[in-house]
$ cat my_file.json   # JSON, C-alpha atoms
[["chain", "number", "residue", "atom", "x", "y", "z"],
["A", 22, "GLY", "CA", 93.40, 117.13, 97.34],
["A", 23, "GLU", "CA", 95.20, 113.97, 98.30],
["A", 24, "ASN", "CA", 97.00, 112.45, 95.38],
["A", 25, "VAL", "CA", 100.01, 110.24, 94.82],
["A", 26, "GLU", "CA", 101.01, 109.71, 91.22],
["A", 27, "GLN", "CA", 103.30, 106.87, 90.29],
["A", 28, "HIS", "CA", 105.27, 106.38, 87.07],
["A", 29, "PRO", "CA", 105.79, 104.36, 85.03],
["A", 30, "SER", "CA", 102.87, 101.95, 85.21],
["A", 31, "THR", "CA", 105.00, 99.18, 83.68],
["A", 32, "LEU", "CA", 108.76, 98.85, 83.47],
["A", 33, "SER", "CA", 110.83, 96.18, 81.75],
["A", 34, "VAL", "CA", 114.55, 95.94, 82.37],
["A", 35, "GLN", "CA", 117.27, 93.48, 81.57],
["A", 36, "GLU", "CA", 118.70, 91.48, 84.44],
["A", 37, "GLY", "CA", 121.57, 93.40, 85.98],
["A", 38, "ASP", "CA", 120.28, 96.81, 84.92],
["A", 39, "SER", "CA", 118.86, 99.42, 87.27],
["A", 40, "ALA", "CA", 115.19, 100.26, 87.70],
["A", 41, "VAL", "CA", 113.77, 103.57, 88.89],
["A", 42, "ILE", "CA", 110.17, 104.25, 89.89],
["A", 43, "LYS", "CA", 109.04, 107.76, 90.72],
["A", 44, "CYS", "CA", 106.15, 109.10, 92.76],
["A", 45, "THR", "CA", 104.89, 112.63, 93.27],
["A", 46, "TYR", "CA", 102.64, 113.76, 96.08],
["A", 47, "SER", "CA", 100.46, 116.78, 96.63],
["A", 48, "ASP", "CA", 100.46, 117.25, 100.41],
["A", 49, "SER", "CA", 103.41, 119.43, 101.36],
["A", 50, "ALA", "CA", 103.01, 118.26, 104.96],
["A", 51, "SER", "CA", 103.58, 114.60, 104.06],
["A", 52, "ASN", "CA", 106.20, 113.07, 106.32],
["A", 53, "TYR", "CA", 106.29, 109.33, 105.68],
["A", 54, "PHE", "CA", 106.94, 107.55, 102.38],
["A", 55, "PRO", "CA", 106.93, 103.74, 102.29],
["A", 56, "TRP", "CA", 107.42, 101.43, 99.34],
["A", 57, "TYR", "CA", 105.68, 98.07, 99.11],
["A", 58, "LYS", "CA", 106.44, 95.09, 96.90],
["A", 59, "GLN", "CA", 103.67, 92.71, 95.89],
["A", 60, "GLU", "CA", 104.60, 89.45, 94.24],
["A", 61, "LEU", "CA", 102.02, 87.66, 92.13],
["A", 62, "GLY", "CA", 99.22, 86.28, 94.30],
["A", 63, "LYS", "CA", 100.72, 87.58, 97.52],
["A", 64, "ARG", "CA", 100.22, 90.44, 99.93],
["A", 65, "PRO", "CA", 102.05, 93.76, 99.72],
["A", 66, "GLN", "CA", 105.15, 93.83, 101.90],
["A", 67, "LEU", "CA", 107.19, 96.81, 103.01],
["A", 68, "ILE", "CA", 110.62, 96.91, 101.39],
["A", 69, "ILE", "CA", 111.86, 100.33, 102.43],
["A", 70, "ASP", "CA", 110.54, 103.57, 103.85],
["A", 71, "ILE", "CA", 111.80, 107.09, 104.39],
["A", 72, "ARG", "CA", 110.77, 109.92, 106.64],
["A", 73, "SER", "CA", 110.78, 113.56, 105.70],
["A", 74, "ASN", "CA", 113.81, 114.44, 107.82],
["A", 75, "VAL", "CA", 116.19, 112.48, 105.54],
["A", 76, "GLY", "CA", 116.90, 112.73, 101.84],
["A", 77, "GLU", "CA", 118.06, 109.22, 101.05],
["A", 78, "LYS", "CA", 118.01, 105.76, 102.52],
["A", 79, "LYS", "CA", 119.69, 102.57, 101.29],
["A", 80, "ASP", "CA", 119.24, 98.90, 102.00],
["A", 81, "GLN", "CA", 121.54, 96.70, 99.93],
["A", 82, "ARG", "CA", 120.35, 96.96, 96.29],
["A", 83, "ILE", "CA", 117.38, 99.18, 97.13],
["A", 84, "ALA", "CA", 117.43, 102.91, 97.79],
["A", 85, "VAL", "CA", 114.82, 105.61, 98.15],
["A", 86, "THR", "CA", 115.42, 109.30, 97.56],
["A", 87, "LEU", "CA", 113.18, 112.15, 98.65],
["A", 88, "ASN", "CA", 112.99, 115.66, 97.22],
["A", 89, "LYS", "CA", 110.69, 117.63, 99.51],
["A", 90, "THR", "CA", 110.92, 120.82, 97.50],
["A", 91, "ALA", "CA", 109.72, 119.13, 94.33],
["A", 92, "LYS", "CA", 107.43, 116.80, 96.29],
["A", 93, "HIS", "CA", 108.64, 113.60, 94.74],
["A", 94, "PHE", "CA", 110.37, 110.44, 95.89],
["A", 95, "SER", "CA", 111.87, 107.57, 93.96],
["A", 96, "LEU", "CA", 112.71, 103.91, 94.37],
["A", 97, "HIS", "CA", 116.01, 102.75, 92.90],
["A", 98, "ILE", "CA", 116.80, 99.07, 92.42],
["A", 99, "THR", "CA", 120.32, 98.27, 91.25],
["A", 100, "GLU", "CA", 121.61, 95.03, 89.74],
["A", 101, "THR", "CA", 118.09, 93.79, 89.16],
["A", 102, "GLN", "CA", 117.35, 90.08, 89.42],
["A", 103, "PRO", "CA", 114.38, 88.03, 88.15],
["A", 104, "GLU", "CA", 113.03, 87.79, 91.72],
["A", 105, "ASP", "CA", 112.64, 91.58, 91.71],
["A", 106, "SER", "CA", 109.76, 91.12, 89.24],
["A", 107, "ALA", "CA", 106.63, 92.27, 91.07],
["A", 108, "VAL", "CA", 104.23, 95.17, 91.48],
["A", 109, "TYR", "CA", 105.66, 98.07, 93.46],
["A", 110, "PHE", "CA", 103.50, 100.59, 95.29],
["A", 111, "CYS", "CA", 104.57, 103.91, 96.71],
["A", 112, "ALA", "CA", 102.59, 105.66, 99.40],
["A", 113, "ALA", "CA", 102.59, 108.91, 101.32],
["A", 114, "THR", "CA", 100.98, 110.26, 104.41],
["A", 115, "GLY", "CA", 100.90, 113.41, 106.44],
["A", 116, "MET", "CA", 98.70, 115.63, 108.53],
["A", 117, "GLU", "CA", 96.60, 116.85, 105.61],
["A", 118, "TYR", "CA", 95.88, 113.32, 104.42],
["A", 119, "GLY", "CA", 93.91, 112.80, 107.59],
["A", 120, "ASN", "CA", 95.25, 109.59, 109.10],
["A", 121, "LYS", "CA", 95.45, 107.84, 105.76],
["A", 122, "LEU", "CA", 98.24, 106.25, 103.80],
["A", 123, "VAL", "CA", 97.55, 107.19, 100.18],
["A", 124, "PHE", "CA", 98.90, 104.72, 97.63],
["A", 125, "GLY", "CA", 100.08, 105.21, 94.10],
["A", 126, "ALA", "CA", 98.50, 103.05, 91.39],
["A", 127, "GLY", "CA", 101.47, 100.69, 91.23],
["A", 128, "THR", "CA", 104.28, 99.79, 88.82],
["A", 129, "ILE", "CA", 104.62, 96.36, 87.25],
["A", 130, "LEU", "CA", 108.34, 95.62, 87.08],
["A", 131, "ARG", "CA", 109.53, 92.83, 84.81],
["A", 132, "VAL", "CA", 113.15, 91.78, 84.94],
["A", 133, "LYS", "CA", 114.13, 89.83, 81.84],
["A", 134, "SER", "CA", 116.87, 87.24, 82.14],
["B", 233, "GLU", "CA", 104.54, 84.74, 114.75],
["B", 234, "ALA", "CA", 103.38, 88.33, 114.25],
["B", 235, "GLN", "CA", 100.71, 88.36, 111.60],
["B", 236, "VAL", "CA", 97.45, 89.65, 110.22],
["B", 237, "THR", "CA", 95.01, 86.84, 109.50],
["B", 238, "GLN", "CA", 92.14, 87.17, 107.05],
["B", 239, "ASN", "CA", 89.42, 84.66, 106.34],
["B", 240, "PRO", "CA", 88.31, 83.33, 104.00],
["B", 241, "ARG", "CA", 90.99, 83.49, 101.29],
["B", 242, "TYR", "CA", 88.46, 82.95, 98.52],
["B", 243, "LEU", "CA", 84.75, 83.63, 98.52],
["B", 244, "ILE", "CA", 82.15, 83.32, 95.79],
["B", 245, "THR", "CA", 78.69, 84.60, 96.58],
["B", 246, "VAL", "CA", 75.54, 85.91, 94.95],
["B", 247, "THR", "CA", 74.16, 89.42, 94.82],
["B", 248, "GLY", "CA", 72.42, 90.46, 98.01],
["B", 249, "LYS", "CA", 73.66, 87.70, 100.30],
["B", 250, "LYS", "CA", 75.25, 89.26, 103.38],
["B", 251, "LEU", "CA", 78.82, 88.27, 104.10],
["B", 252, "THR", "CA", 81.60, 89.01, 106.56],
["B", 253, "VAL", "CA", 85.34, 88.86, 106.00],
["B", 254, "THR", "CA", 87.22, 88.51, 109.25],
["B", 255, "CYS", "CA", 90.54, 90.12, 110.13],
["B", 256, "SER", "CA", 92.60, 89.55, 113.23],
["B", 257, "GLN", "CA", 96.06, 90.76, 114.28],
["B", 258, "ASN", "CA", 98.25, 89.58, 117.13],
["B", 259, "MET", "CA", 100.63, 92.56, 117.31],
["B", 260, "ASN", "CA", 98.55, 94.76, 119.62],
["B", 261, "HIS", "CA", 98.29, 97.36, 116.86],
["B", 262, "GLU", "CA", 95.99, 100.31, 117.36],
["B", 263, "TYR", "CA", 95.46, 101.05, 113.67],
["B", 264, "MET", "CA", 93.61, 98.69, 111.34],
["B", 265, "SER", "CA", 92.37, 99.25, 107.83],
["B", 266, "TRP", "CA", 90.65, 97.59, 104.87],
["B", 267, "TYR", "CA", 91.71, 98.06, 101.26],
["B", 268, "ARG", "CA", 90.43, 96.80, 97.99],
["B", 269, "GLN", "CA", 92.75, 96.19, 95.07],
["B", 270, "ASP", "CA", 91.55, 96.43, 91.49],
["B", 271, "PRO", "CA", 93.68, 96.34, 88.31],
["B", 272, "GLY", "CA", 95.10, 99.75, 87.47],
["B", 273, "LEU", "CA", 93.64, 101.38, 90.58],
["B", 274, "GLY", "CA", 96.14, 100.33, 93.21],
["B", 275, "LEU", "CA", 95.08, 99.97, 96.82],
["B", 276, "ARG", "CA", 92.05, 102.00, 97.81],
["B", 277, "GLN", "CA", 91.08, 102.38, 101.42],
["B", 278, "ILE", "CA", 87.58, 101.32, 102.43],
["B", 279, "TYR", "CA", 87.49, 101.95, 106.19],
["B", 280, "TYR", "CA", 90.00, 102.36, 108.94],
["B", 281, "SER", "CA", 90.12, 102.34, 112.72],
["B", 282, "MET", "CA", 92.54, 104.09, 115.04],
["B", 283, "ASN", "CA", 91.45, 102.16, 118.11],
["B", 284, "VAL", "CA", 88.61, 100.24, 119.70],
["B", 285, "GLU", "CA", 85.20, 101.74, 118.91],
["B", 286, "VAL", "CA", 86.81, 104.31, 116.60],
["B", 287, "THR", "CA", 86.19, 103.83, 112.87],
["B", 288, "ASP", "CA", 86.16, 106.17, 109.89],
["B", 289, "LYS", "CA", 85.51, 106.11, 106.18],
["B", 290, "GLY", "CA", 88.26, 105.78, 103.65],
["B", 291, "ASP", "CA", 88.05, 106.60, 99.97],
["B", 292, "VAL", "CA", 85.52, 103.96, 98.88],
["B", 293, "PRO", "CA", 83.25, 103.13, 101.85],
["B", 294, "GLU", "CA", 79.95, 102.75, 100.00],
["B", 295, "GLY", "CA", 78.41, 99.31, 100.44],
["B", 296, "TYR", "CA", 80.66, 98.30, 103.32],
["B", 297, "LYS", "CA", 80.49, 98.31, 107.10],
["B", 298, "VAL", "CA", 83.09, 97.64, 109.77],
["B", 299, "SER", "CA", 83.24, 97.30, 113.53],
["B", 300, "ARG", "CA", 86.04, 97.46, 116.08],
["B", 301, "LYS", "CA", 84.75, 95.98, 119.31],
["B", 302, "GLU", "CA", 88.08, 94.44, 120.23],
["B", 303, "LYS", "CA", 91.56, 95.69, 119.49],
["B", 304, "ARG", "CA", 92.64, 92.59, 117.58],
["B", 305, "ASN", "CA", 89.60, 92.18, 115.30],
["B", 306, "PHE", "CA", 88.31, 94.34, 112.45],
["B", 307, "PRO", "CA", 85.68, 92.53, 110.37],
["B", 308, "LEU", "CA", 84.48, 93.83, 107.00],
["B", 309, "ILE", "CA", 80.76, 93.43, 106.37],
["B", 310, "LEU", "CA", 78.98, 93.55, 103.04],
["B", 311, "GLU", "CA", 75.28, 93.79, 103.86],
["B", 312, "SER", "CA", 74.08, 93.39, 100.28],
["B", 313, "PRO", "CA", 76.99, 92.55, 97.98],
["B", 314, "SER", "CA", 76.88, 93.61, 94.35],
["B", 315, "PRO", "CA", 79.01, 92.52, 91.37],
["B", 316, "ASN", "CA", 80.99, 95.79, 91.48],
["B", 317, "GLN", "CA", 82.35, 94.67, 94.83],
["B", 318, "THR", "CA", 84.15, 91.78, 93.17],
["B", 319, "SER", "CA", 87.73, 92.51, 94.11],
["B", 320, "LEU", "CA", 90.79, 91.49, 96.09],
["B", 321, "TYR", "CA", 90.54, 92.71, 99.68],
["B", 322, "PHE", "CA", 93.36, 93.29, 102.13],
["B", 323, "CYS", "CA", 93.25, 93.95, 105.82],
["B", 324, "ALA", "CA", 96.23, 95.74, 107.35],
["B", 325, "SER", "CA", 97.38, 96.93, 110.75],
["B", 326, "SER", "CA", 100.08, 99.10, 112.27],
["B", 327, "LEU", "CA", 101.15, 100.95, 115.35],
["B", 328, "TRP", "CA", 99.60, 104.38, 115.64],
["B", 329, "ASP", "CA", 101.36, 107.62, 116.49],
["B", 330, "SER", "CA", 98.82, 110.22, 117.54],
["B", 331, "LEU", "CA", 100.91, 113.03, 116.08],
["B", 332, "SER", "CA", 101.25, 111.63, 112.61],
["B", 333, "TYR", "CA", 100.98, 108.35, 110.83],
["B", 334, "ASN", "CA", 104.45, 106.95, 110.23],
["B", 335, "SER", "CA", 104.51, 103.25, 110.98],
["B", 336, "PRO", "CA", 104.69, 100.40, 108.49],
["B", 337, "LEU", "CA", 101.50, 98.63, 107.51],
["B", 338, "HIS", "CA", 101.35, 94.85, 107.90],
["B", 339, "PHE", "CA", 98.99, 93.24, 105.41],
["B", 340, "GLY", "CA", 96.98, 90.07, 105.61],
["B", 341, "ASN", "CA", 97.11, 87.51, 102.79],
["B", 342, "GLY", "CA", 94.05, 88.86, 101.07],
["B", 343, "THR", "CA", 90.52, 87.70, 100.32],
["B", 344, "ARG", "CA", 89.45, 87.28, 96.72],
["B", 345, "LEU", "CA", 85.73, 87.97, 96.55],
["B", 346, "THR", "CA", 83.54, 87.23, 93.55],
["B", 347, "VAL", "CA", 79.93, 88.42, 93.54],
["B", 348, "THR", "CA", 77.74, 86.97, 90.79]]

$ encode --input "my_file.json" --output "structure tokens"
Amino acid sequence: GENVEQHPSTLSVQEGDSAVIKCTYSDSASNYFPWYKQELGKRPQLIIDIRSNVGEKKDQRIAVTLNKTAKHFSLHITETQPEDSAVYFCAATGMEYGNKLVFGAGTILRVKS
Amino acid sequence: EAQVTQNPRYLITVTGKKLTVTCSQNMNHEYMSWYRQDPGLGLRQIYYSMNVEVTDKGDVPEGYKVSRKEKRNFPLILESPSPNQTSLYFCASSLWDSLSYNSPLHFGNGTRLTVT
């Protein structure tokens, strides 16, 4: 069935260190993988996304990698800053998910200064 | 400004009293959806709509209704709210590709509902 698992559920890093969040999906036909950031009391906002025809995408300090064979994708944040502290959600969609974007349960990232 | 507007932001009500949360987008998006967010459970889809007069159930549709009479509006209706519907609700919209879903979702600011 449709399932997106996200790990870890909480992550604490020191300012300047890197943070990695990993998601696995079950639908081998999935073709779109966005990441959303939700700051406390605010709405989720798209920070980066990747489509199944590429393996990696970067945007400044943020990158996403996709391994279609293993059915997992990861968010990498380098040189973390206190303003990176938030909840991060991964999501996946594809033909078998039936017009739905299925979200992971979220990761609470805390960047300690 | 392109946006998804939800109202109200906060709502406290009593069990059984019908309520409607409105959602409107000004981006001419075909796809609209409602999610509820609960601690540890992430974002769970309630209902979605791929275009006017087309709606379908998400993962947790029980106790909710929606309608899509106009492209820009997608209200969420709770006919008889219960305490287990206390949650944070988000409306979202996006462009729709008929071949596969692959466009970013734009979220509203959320509605925090408390049912006593």

$ residues_around --input "my_file.json" --residues "range 57-65 of chain A" --least-positions-apart "4" --cutoff "8 Å" --atoms "only C-alpha atoms" --output "compact mmCIF listing (two decimals) with C-alpha atoms, in the frame of the given file"
# COMPACT_ATOMS: atom_id res chain seq x y z
CA ILE A 69 111.86 100.33 102.43
CA SER A 106 109.76 91.12 89.24
CA ALA A 107 106.63 92.27 91.07
CA VAL A 108 104.23 95.17 91.48
CA TYR A 109 105.66 98.07 93.46
CA PHE A 110 103.50 100.59 95.29
CA CYS A 111 104.57 103.91 96.71
CA PHE B 322 93.36 93.29 102.13
CA PHE B 339 98.99 93.24 105.41
CA GLY B 340 96.98 90.07 105.61
CA ASN B 341 97.11 87.51 102.79
CA GLY B 342 94.05 88.86 101.07

$ atom_distance --input "my_file.json" --atom1 "CA of Gly76 in chain A" --atom2 "CA of Asn88 in chain A"
6.7 Å

$ residues_around --input "my_file.json" --residues "Leu32 in chain A" --least-positions-apart "5" --cutoff "8 Å" --atoms "all atoms listed in the file" --output "MDAnalysis selection string"
chainID A and resid 40 128:131

$ atom_distance --input "my_file.json" --atom1 "CA of Thr346 in chain B" --atom2 "CA of Gln277 in chain B"
18.7 Å

$ atom_distance --input "my_file.json" --atom1 "CA of His97 in chain A" --atom2 "CA of Ala50 in chain A"
23.6 Å

$ residues_near_point --input "my_file.json" --point "(85.0, 90.1, 103.5)" --cutoff "9 Å" --atoms "all atoms listed in the file" --output "list in words"
Gln238, Asn239, Pro240, Leu243, Leu251, Thr252, Val253, Thr254, Cys255, Pro307, Leu308, Ile309, Leu310, Tyr321, Thr343, Arg344 and Leu345 of chain B

$ closest_residue --input "my_file.json" --among "A:Asn74, A:Gln102, A:Gln81, A:Ser30" --to "Tyr53 in chain A" --atoms "all atoms listed in the file"
A:Asn74

$ interface_residues --input "my_file.json" --of "chain A" --to "chain B" --cutoff "9 Å" --atoms "all atoms listed in the file" --output "list in words"
Ser30, Asn52, Tyr53, Phe54, Pro55, Gly62, Lys63, Arg64, Pro65, Gln66, Leu67, Asp70, Arg72, Phe110, Thr114, Gly115, Met116, Gly119, Asn120, Lys121, Leu122, Val123, Phe124, Gly125, Ala126 and Gly127 of chain A

$ residues_around --input "my_file.json" --residues "Met259 in chain B" --least-positions-apart "3" --cutoff "9 Å" --atoms "only C-alpha atoms" --output "ChimeraX atom specification"
/B:234-236,304,325-327

$ write_last_selection --input "my_file.json" --atoms "C-alpha atoms" --output "CSV table (one decimal), keeping the file's coordinate frame"
chain,number,residue,atom,x,y,z
B,234,ALA,CA,103.4,88.3,114.2
B,235,GLN,CA,100.7,88.4,111.6
B,236,VAL,CA,97.4,89.6,110.2
B,304,ARG,CA,92.6,92.6,117.6
B,325,SER,CA,97.4,96.9,110.8
B,326,SER,CA,100.1,99.1,112.3
B,327,LEU,CA,101.2,101.0,115.4

$ residues_around --input "my_file.json" --residues "Val284 in chain B" --least-positions-apart "5" --cutoff "6 Å" --atoms "only C-alpha atoms" --output "PDB file with C-alpha atoms, keeping the file's coordinate frame"
ATOM      1  CA  ARG B 300      86.040  97.460 116.080  1.00  0.00           C
ATOM      2  CA  LYS B 301      84.750  95.980 119.310  1.00  0.00           C
ATOM      3  CA  GLU B 302      88.080  94.440 120.230  1.00  0.00           C
ATOM      4  CA  LYS B 303      91.560  95.690 119.490  1.00  0.00           C
TER       5      LYS B 303
END

$ closest_residue --input "my_file.json" --among "A:Ser134, A:Ile83, A:Ser49, A:Val41" --to "Ser95 in chain A" --atoms "all atoms listed in the file"
A:Val41

$ closest_residue --input "my_file.json" --among "A:Ile68, A:Val34, A:Val25, A:Ile98" --to "Asp48 in chain A" --atoms "all atoms listed in the file"
A:Val25

$ closest_residue --input "my_file.json" --among "B:Tyr242, B:Arg268, B:Glu233, B:Ile278" --to "Val292 in chain B" --atoms "all atoms listed in the file"
B:Ile278

$ residues_around --input "my_file.json" --residues "Gln317 in chain B" --least-positions-apart "3" --cutoff "7 Å" --atoms "only C-alpha atoms" --output "ChimeraX atom specification"
/B:313-314,347

$ axis_aligned_box --input "my_file.json" --around "range 278-292 of chain B" --padding-each-side "3 Å" --output "AutoDock Vina command-line options"
--center_x 88.9 --center_y 103.4 --center_z 109.3 --size_x 13.3 --size_y 12.4 --size_z 26.8

$ decode --input "my_file.json" --residues "range 234-336 of chain B" --atoms "C-alpha atoms" --output "tab-separated table (two decimals), in the first residue's frame"
chain	number	residue	atom	x	y	z
B	234	ALA	CA	-0.58	34.46	-5.22
B	235	GLN	CA	-2.02	32.80	-2.16
B	236	VAL	CA	-4.34	30.31	-0.54
B	237	THR	CA	-6.63	31.94	2.00
B	238	GLN	CA	-8.29	30.03	4.81
B	239	ASN	CA	-10.80	31.33	7.31
B	240	PRO	CA	-11.08	31.40	10.20
B	241	ARG	CA	-7.57	30.99	11.64
B	242	TYR	CA	-8.90	29.84	15.00
B	243	LEU	CA	-12.23	28.26	15.83
B	244	ILE	CA	-13.61	26.90	19.07
B	245	THR	CA	-16.94	25.13	18.89
B	246	VAL	CA	-19.07	22.56	20.68
B	247	THR	CA	-19.87	19.00	19.71
B	248	GLY	CA	-22.57	18.75	17.07
B	249	LYS	CA	-22.62	22.36	15.91
B	250	LYS	CA	-22.15	22.47	12.14
B	251	LEU	CA	-19.26	24.54	10.88
B	252	THR	CA	-17.56	25.47	7.62
B	253	VAL	CA	-13.94	26.37	7.03
B	254	THR	CA	-13.49	28.34	3.84
B	255	CYS	CA	-10.59	28.06	1.42
B	256	SER	CA	-9.94	30.20	-1.61
B	257	GLN	CA	-7.03	30.39	-4.06
B	258	ASN	CA	-6.24	33.03	-6.66
B	259	MET	CA	-3.78	31.03	-8.79
B	260	ASN	CA	-6.32	29.34	-11.07
B	261	HIS	CA	-5.20	25.95	-9.74
B	262	GLU	CA	-7.17	22.89	-10.73
B	263	TYR	CA	-6.16	20.77	-7.73
B	264	MET	CA	-7.25	21.59	-4.18
B	265	SER	CA	-6.98	19.51	-1.05
B	266	TRP	CA	-7.63	19.51	2.70
B	267	TYR	CA	-5.22	18.08	5.27
B	268	ARG	CA	-5.30	17.72	8.98
B	269	GLN	CA	-2.14	17.83	11.03
B	270	ASP	CA	-1.85	16.04	14.35
B	271	PRO	CA	1.31	15.54	16.46
B	272	GLY	CA	3.32	12.54	15.30
B	273	LEU	CA	0.98	11.81	12.39
B	274	GLY	CA	2.16	14.33	9.84
B	275	LEU	CA	-0.23	15.66	7.23
B	276	ARG	CA	-3.16	13.41	6.44
B	277	GLN	CA	-5.38	14.10	3.48
B	278	ILE	CA	-9.10	14.50	4.12
B	279	TYR	CA	-10.54	15.24	0.67
B	280	TYR	CA	-9.23	16.50	-2.61
B	281	SER	CA	-10.56	17.89	-5.86
B	282	MET	CA	-9.02	17.78	-9.32
B	283	ASN	CA	-11.41	20.32	-10.79
B	284	VAL	CA	-14.84	21.87	-10.48
B	285	GLU	CA	-17.50	19.36	-9.41
B	286	VAL	CA	-14.84	16.64	-9.01
B	287	THR	CA	-14.05	15.58	-5.44
B	288	ASP	CA	-12.68	12.43	-3.88
B	289	LYS	CA	-11.87	10.99	-0.49
B	290	GLY	CA	-8.42	11.11	0.98
B	291	ASP	CA	-7.12	9.01	3.85
B	292	VAL	CA	-9.33	10.33	6.65
B	293	PRO	CA	-12.63	11.54	5.15
B	294	GLU	CA	-15.01	10.37	7.89
B	295	GLY	CA	-16.98	13.22	9.44
B	296	TYR	CA	-16.12	15.73	6.72
B	297	LYS	CA	-17.72	17.02	3.54
B	298	VAL	CA	-16.43	19.24	0.77
B	299	SER	CA	-17.75	20.92	-2.34
B	300	ARG	CA	-16.14	22.41	-5.43
B	301	LYS	CA	-18.72	24.56	-7.17
B	302	GLU	CA	-16.19	27.13	-8.31
B	303	LYS	CA	-12.57	26.65	-9.26
B	304	ARG	CA	-11.22	29.03	-6.63
B	305	ASN	CA	-13.18	27.80	-3.59
B	306	PHE	CA	-13.04	24.52	-1.68
B	307	PRO	CA	-14.87	24.72	1.65
B	308	LEU	CA	-14.54	22.04	4.33
B	309	ILE	CA	-17.76	21.22	6.16
B	310	LEU	CA	-18.11	19.46	9.49
B	311	GLU	CA	-21.79	18.58	9.80
B	312	SER	CA	-21.57	17.35	13.39
B	313	PRO	CA	-18.12	18.05	14.83
B	314	SER	CA	-16.72	15.78	17.52
B	315	PRO	CA	-13.76	16.25	19.88
B	316	ASN	CA	-11.60	13.87	17.80
B	317	GLN	CA	-11.76	16.42	15.01
B	318	THR	CA	-9.81	18.89	17.11
B	319	SER	CA	-6.80	19.50	14.92
B	320	LEU	CA	-4.87	21.91	12.74
B	321	TYR	CA	-6.32	22.03	9.24
B	322	PHE	CA	-4.59	23.10	6.05
B	323	CYS	CA	-6.03	23.79	2.65
B	324	ALA	CA	-3.67	23.51	-0.31
B	325	SER	CA	-3.76	23.94	-4.07
B	326	SER	CA	-1.61	23.23	-7.10
B	327	LEU	CA	-1.59	22.94	-10.84
B	328	TRP	CA	-2.73	19.56	-12.07
B	329	ASP	CA	-1.07	17.41	-14.70
B	330	SER	CA	-3.50	14.79	-15.94
B	331	LEU	CA	-0.70	12.28	-16.51
B	332	SER	CA	0.77	12.40	-13.06
B	333	TYR	CA	0.82	14.65	-10.07
B	334	ASN	CA	4.06	16.59	-10.01
B	335	SER	CA	3.41	20.19	-9.10
B	336	PRO	CA	4.20	21.92	-5.81
